[in-house]
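Enquirer: As input, take run32.csv (CSV, C-alpha atoms and all ligand atoms):
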```csv
chain,number,residue,atom,x,y,z
A,1,ALA,CA,-4.5,10.2,-22.6
A,2,GLU,CA,-1.8,8.0,-24.3
A,3,HIS,CA,-2.0,4.3,-24.5
A,4,VAL,CA,0.4,2.6,-22.1
A,5,GLU,CA,1.3,-0.9,-23.4
A,6,SER,CA,4.6,0.2,-24.9
A,7,ASP,CA,5.6,1.9,-21.6
A,8,LEU,CA,5.6,-1.5,-19.8
A,9,SER,CA,8.5,-3.9,-19.7
A,10,HIS,CA,6.9,-7.0,-18.2
A,11,VAL,CA,3.8,-7.9,-16.2
A,12,LEU,CA,4.6,-9.2,-12.7
A,13,PHE,CA,1.0,-9.9,-11.6
A,14,THR,CA,-2.1,-10.1,-13.7
A,15,LYS,CA,-5.5,-8.9,-12.8
A,16,GLU,CA,-6.5,-12.4,-12.0
A,17,GLU,CA,-3.5,-13.1,-9.8
A,18,ILE,CA,-4.1,-9.9,-7.9
A,19,ALA,CA,-7.7,-10.8,-7.3
A,20,GLN,CA,-6.7,-14.2,-6.0
A,21,LYS,CA,-4.1,-12.7,-3.6
A,22,ILE,CA,-6.6,-10.1,-2.3
A,23,GLN,CA,-9.0,-12.9,-1.6
A,24,GLU,CA,-6.4,-14.8,0.4
A,25,LEU,CA,-5.5,-11.8,2.4
A,26,ALA,CA,-9.2,-11.0,3.1
A,27,GLU,CA,-9.7,-14.5,4.4
A,28,GLN,CA,-6.8,-14.2,6.8
A,29,ILE,CA,-7.9,-10.8,8.0
A,30,ASP,CA,-11.5,-11.9,8.5
A,31,ARG,CA,-10.2,-14.8,10.6
A,32,ASP,CA,-7.8,-12.8,12.7
A,33,TYR,CA,-10.0,-9.8,13.3
A,34,GLU,CA,-13.4,-11.4,14.0
A,35,GLY,CA,-15.2,-9.7,16.8
A,36,ARG,CA,-12.7,-6.8,17.1
A,37,ASP,CA,-13.2,-3.1,16.8
A,38,VAL,CA,-11.2,-2.6,13.6
A,39,LEU,CA,-10.3,0.5,11.6
A,40,LEU,CA,-8.7,0.1,8.2
A,41,VAL,CA,-6.4,2.9,7.4
A,42,GLY,CA,-5.6,3.4,3.7
A,43,VAL,CA,-2.6,5.4,2.6
A,44,LEU,CA,-3.5,7.7,-0.3
A,45,LYS,CA,-3.1,7.5,-3.1
A,46,GLY,CA,-1.3,4.2,-3.8
A,47,ALA,CA,-3.6,2.1,-1.6
A,48,VAL,CA,-6.9,3.0,-3.2
A,49,MET,CA,-7.1,-0.1,-5.4
A,50,VAL,CA,-6.0,-2.5,-2.7
A,51,MET,CA,-8.5,-0.9,-0.2
A,52,ALA,CA,-11.3,-1.0,-2.7
A,53,ASP,CA,-10.9,-4.6,-3.6
A,54,LEU,CA,-9.8,-5.8,-0.1
A,55,THR,CA,-12.9,-4.3,1.6
A,56,ARG,CA,-15.2,-5.9,-0.9
A,57,ALA,CA,-13.5,-9.3,-0.4
A,58,LEU,CA,-13.8,-9.1,3.4
A,59,LYS,CA,-16.9,-10.7,4.9
A,60,GLY,CA,-16.8,-8.6,8.1
A,61,GLN,CA,-17.7,-4.9,8.6
A,62,TYR,CA,-14.6,-2.8,8.5
A,63,PRO,CA,-14.8,1.0,8.7
A,64,MET,CA,-12.1,2.7,6.7
A,65,ASP,CA,-10.4,6.0,6.9
A,66,TRP,CA,-7.6,7.5,4.9
A,67,MET,CA,-4.4,9.3,5.4
A,68,ALA,CA,-2.3,11.0,2.7
A,69,VAL,CA,1.4,10.9,3.4
A,70,SER,CA,4.1,11.4,0.8
A,71,SER,CA,7.7,10.5,0.6
A,72,TYR,CA,8.3,10.3,-3.1
A,73,GLY,CA,7.5,13.5,-4.9
A,74,SER,CA,7.5,12.7,-8.6
A,75,GLY,CA,10.7,10.7,-8.9
A,76,THR,CA,11.4,7.0,-8.5
A,77,LYS,CA,13.5,7.2,-5.3
A,78,SER,CA,12.3,7.5,-1.7
A,79,SER,CA,13.4,10.8,-0.2
A,80,GLY,CA,12.8,9.6,3.4
A,81,VAL,CA,10.9,12.8,4.1
A,82,VAL,CA,7.4,12.0,5.2
A,83,ARG,CA,4.7,14.6,5.2
A,84,ILE,CA,1.1,14.3,6.4
A,85,LEU,CA,-1.0,15.8,3.6
A,86,LYS,CA,-4.3,14.6,5.0
A,87,ASP,CA,-4.9,13.2,8.5
A,88,LEU,CA,-7.5,10.7,9.8
A,89,ASP,CA,-11.0,11.8,10.8
A,90,THR,CA,-11.2,8.9,13.3
A,91,ASP,CA,-10.2,8.7,17.0
A,92,LEU,CA,-7.9,5.6,17.3
A,93,HIS,CA,-8.4,5.0,21.1
A,94,GLY,CA,-9.1,1.3,21.7
A,95,LYS,CA,-9.2,0.5,18.0
A,96,ASP,CA,-7.4,-2.4,16.3
A,97,VAL,CA,-5.9,-0.5,13.4
A,98,LEU,CA,-4.9,-2.2,10.2
A,99,ILE,CA,-2.9,0.0,7.8
A,100,VAL,CA,-3.5,-0.9,4.2
A,101,GLU,CA,-0.7,-0.2,1.7
A,102,ASP,CA,0.2,-1.0,-1.9
A,103,ILE,CA,3.9,-1.4,-1.4
A,104,ILE,CA,6.7,-1.3,1.1
A,105,ASP,CA,9.8,0.0,-0.6
A,106,SER,CA,12.4,1.5,1.7
A,107,GLY,CA,9.9,1.1,4.6
A,108,LEU,CA,10.5,4.6,5.7
A,109,THR,CA,6.8,5.7,5.1
A,110,LEU,CA,5.3,2.9,7.1
A,111,SER,CA,7.8,2.9,9.8
A,112,TRP,CA,7.1,6.5,10.4
A,113,LEU,CA,3.3,6.0,10.0
A,114,ARG,CA,3.1,3.1,12.4
A,115,THR,CA,4.9,5.0,15.1
A,116,ASN,CA,2.7,8.0,14.5
A,117,LEU,CA,-0.5,5.9,14.8
A,118,GLU,CA,0.7,4.0,17.8
A,119,SER,CA,1.0,7.3,19.7
A,120,ARG,CA,-2.7,7.9,19.3
A,121,GLY,CA,-3.9,5.2,21.8
A,122,PRO,CA,-5.0,2.3,19.6
A,123,LYS,CA,-5.2,-1.2,21.0
A,124,SER,CA,-3.0,-2.5,18.1
A,125,VAL,CA,-1.5,-1.4,14.8
A,126,GLU,CA,-0.7,-3.9,12.1
A,127,ILE,CA,0.1,-3.6,8.4
A,128,CYS,CA,-1.2,-5.2,5.3
A,129,ALA,CA,0.8,-4.5,2.1
A,130,LEU,CA,0.2,-6.1,-1.2
A,131,LEU,CA,3.9,-5.8,-2.2
A,132,ARG,CA,7.2,-5.6,-0.4
A,133,LYS,CA,10.7,-5.1,-1.7
A,134,PRO,CA,13.1,-6.8,0.7
A,135,ASP,CA,16.2,-5.6,-1.1
A,136,ALA,CA,15.2,-2.0,-0.9
A,137,ALA,CA,14.5,-2.0,2.9
A,138,LYS,CA,16.2,0.8,4.8
A,139,THR,CA,14.5,-0.1,8.1
A,140,ALA,CA,13.0,-3.3,9.5
A,141,ILE,CA,9.2,-3.4,9.8
A,142,ASP,CA,7.0,-6.1,11.2
A,143,VAL,CA,4.3,-6.6,8.5
A,144,LYS,CA,1.5,-9.0,9.4
A,145,TYR,CA,0.1,-9.4,5.9
A,146,VAL,CA,2.1,-9.4,2.7
A,147,GLY,CA,0.9,-10.3,-0.8
A,148,TRP,CA,4.2,-10.8,-2.5
A,149,ASP,CA,7.9,-10.0,-2.0
A,150,ILE,CA,9.3,-8.6,-5.3
A,151,PRO,CA,12.7,-7.7,-6.7
A,152,ASN,CA,14.0,-4.1,-6.3
A,153,GLU,CA,12.5,-2.9,-9.6
A,154,PHE,CA,10.3,0.1,-10.2
A,155,VAL,CA,6.7,-1.2,-10.6
A,156,VAL,CA,3.5,0.5,-11.6
A,157,GLY,CA,-0.2,-0.3,-11.8
A,158,TYR,CA,-3.0,-1.2,-9.4
A,159,GLY,CA,-2.5,2.1,-7.6
A,160,LEU,CA,1.2,2.3,-8.0
A,161,ASP,CA,2.3,5.4,-10.0
A,162,PHE,CA,5.2,6.9,-11.9
A,163,ALA,CA,4.7,10.7,-11.7
A,164,GLU,CA,0.9,10.0,-11.1
A,165,HIS,CA,0.6,7.9,-14.3
A,166,TYR,CA,-0.3,4.2,-14.6
A,167,ARG,CA,-2.3,3.9,-11.3
A,168,ASN,CA,-5.3,2.7,-13.3
A,169,LEU,CA,-3.6,-0.4,-14.8
A,170,GLU,CA,-5.3,-3.6,-13.7
A,171,CYS,CA,-2.0,-5.5,-13.6
A,172,ILE,CA,1.3,-4.7,-11.8
A,173,ALA,CA,4.2,-4.3,-14.3
A,174,THR,CA,7.7,-3.0,-14.5
A,175,LEU,CA,8.2,0.2,-16.5
A,176,ALA,CA,10.2,0.2,-19.7
A,177,PRO,CA,13.5,2.1,-19.2
A,178,HIS,CA,12.6,4.6,-22.0
A,179,VAL,CA,9.9,6.0,-19.8
A,180,TYR,CA,12.1,7.2,-17.0
A,181,GLU,CA,15.5,7.6,-18.7
B,201,LIG,C1,4.6,5.1,-2.4
B,201,LIG,C2,3.9,3.8,-2.0
B,201,LIG,C3,4.1,3.7,-0.5
B,201,LIG,C4,5.4,4.3,-0.3
B,201,LIG,C5,6.5,3.2,-0.1
B,201,LIG,O1,3.8,6.2,-2.1
B,201,LIG,O2,2.5,3.9,-2.3
B,201,LIG,O3,3.1,4.5,0.2
B,201,LIG,O4,5.7,5.0,-1.5
B,201,LIG,O5,7.7,3.8,-0.1
B,201,LIG,P1,8.8,3.6,1.1
B,201,LIG,O6,8.6,2.2,1.7
B,201,LIG,O7,10.1,3.8,0.5
B,201,LIG,O8,8.5,4.7,2.1
B,201,LIG,P2,4.1,7.6,-2.6
B,201,LIG,O9,4.9,8.4,-1.6
B,201,LIG,O10,4.7,7.5,-4.0
B,201,LIG,O11,2.7,8.3,-2.7
B,201,LIG,P3,1.4,7.7,-3.5
B,201,LIG,O12,0.9,6.6,-2.7
B,201,LIG,O13,0.5,8.9,-3.6
B,201,LIG,O14,1.9,7.3,-4.9
B,202,MN,MN,1.7,5.5,-1.2
B,203,MG,MG,3.8,7.2,-5.6
```
Just dump the structure as structure tokens.
Ligand code: PRP
Ligand code: MN
Ligand code: MG
Expert:
Amino acid sequence: AEHVESDLSHVLFTKEEIAQKIQELAEQIDRDYEGRDVLLVGVLKGAVMVMADLTRALKGQYPMDWMAVSSYGSGTKSSGVVRILKDLDTDLHGKDVLIVEDIIDSGLTLSWLRTNLESRGPKSVEICALLRKPDAAKTAIDVKYVGWDIPNEFVVGYGLDFAEHYRNLECIATLAPHVYE
């Protein structure tokens, strides 16, 4: 494996800033969901880091399940085509579902996913996304928990990939143009 420092342009959020933000989100979620029958739904693969750290920052017990959907392929642009690659194992009837995502870019993935999950009889469906790109939105989505709004630049790290690389970075950073040009 190659070292990645020279592939990065600038760091948007450090490991410490991310940890602080995750802690804040966890406190809000613990408050809002106390006493409810919650299911956290992580969206593979980007949400793995957010889910891993968020669930350990939460004080309550929150079962988690996973879906794999994909709209990107290997490029940097959303195709708008959403495919289910792996479905949930859990029945959603009566559950307060909280979808956990790394980023909302065009919003097409989550918009489709929310509608899909809402059709399965849950009590509620809300969204927690660490990042959101308001300038890239192609559809309006009501997101209950957002870590940060960021400019419309391609970012990697903390679960976010470019062609499956850089997910393991502890920070979130923009990619140097030489990587994708
Ligand atoms: C990325 C990201 C979100 C989605 C956001 O996933 O993790 O799930 O794109 O894009 P959108 O708002 O334009 O729909 P991707 O499809 O790259 O799969 P991955 O999580 O496996 O990287
Ligand atoms: Mn994803
Ligand atoms: Mg991706």
Enquirer: Taking all atoms listed in the file into account, which residues have an atom no farther than 6 Å from ligand MN 202 (chain B)? I'd like them as a list in words.
Expert: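 For ligand MN 202 (chain B), the residues inside 6 Å are Val43, Leu44, Lys45 and Gly46 of chain A.
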Enquirer: What residues have an atom no more than 12 Å from (6.2, -3.0, 1.0) in the file's own frame, counting only C-alpha atoms, and can you write them as a PyMOL selection string?
Expert: chain A and resi 46-47+99-111+127-152+155+160
Enquirer: In Å, rounded to a single decimal, give me how far atom CA of A:Ile22 is from atom CA of A:Tyr180.
Expert: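 It comes out at 29.4 Å.
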Enquirer: Please identify all polymer residues within 12 Å of A:Lys59, counting only C-alpha atoms, omitting same-chain residues fewer than 5 positions from it, and present them as a PyMOL selection string.
Expert: chain A and resi 23+25-31+33-34+54
Enquirer: One decimal, in Å: what's the spacing between atom CA of A:Phe154 and atom CA of A:Ala19?
Expert: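 A separation of 21.2 Å between them.
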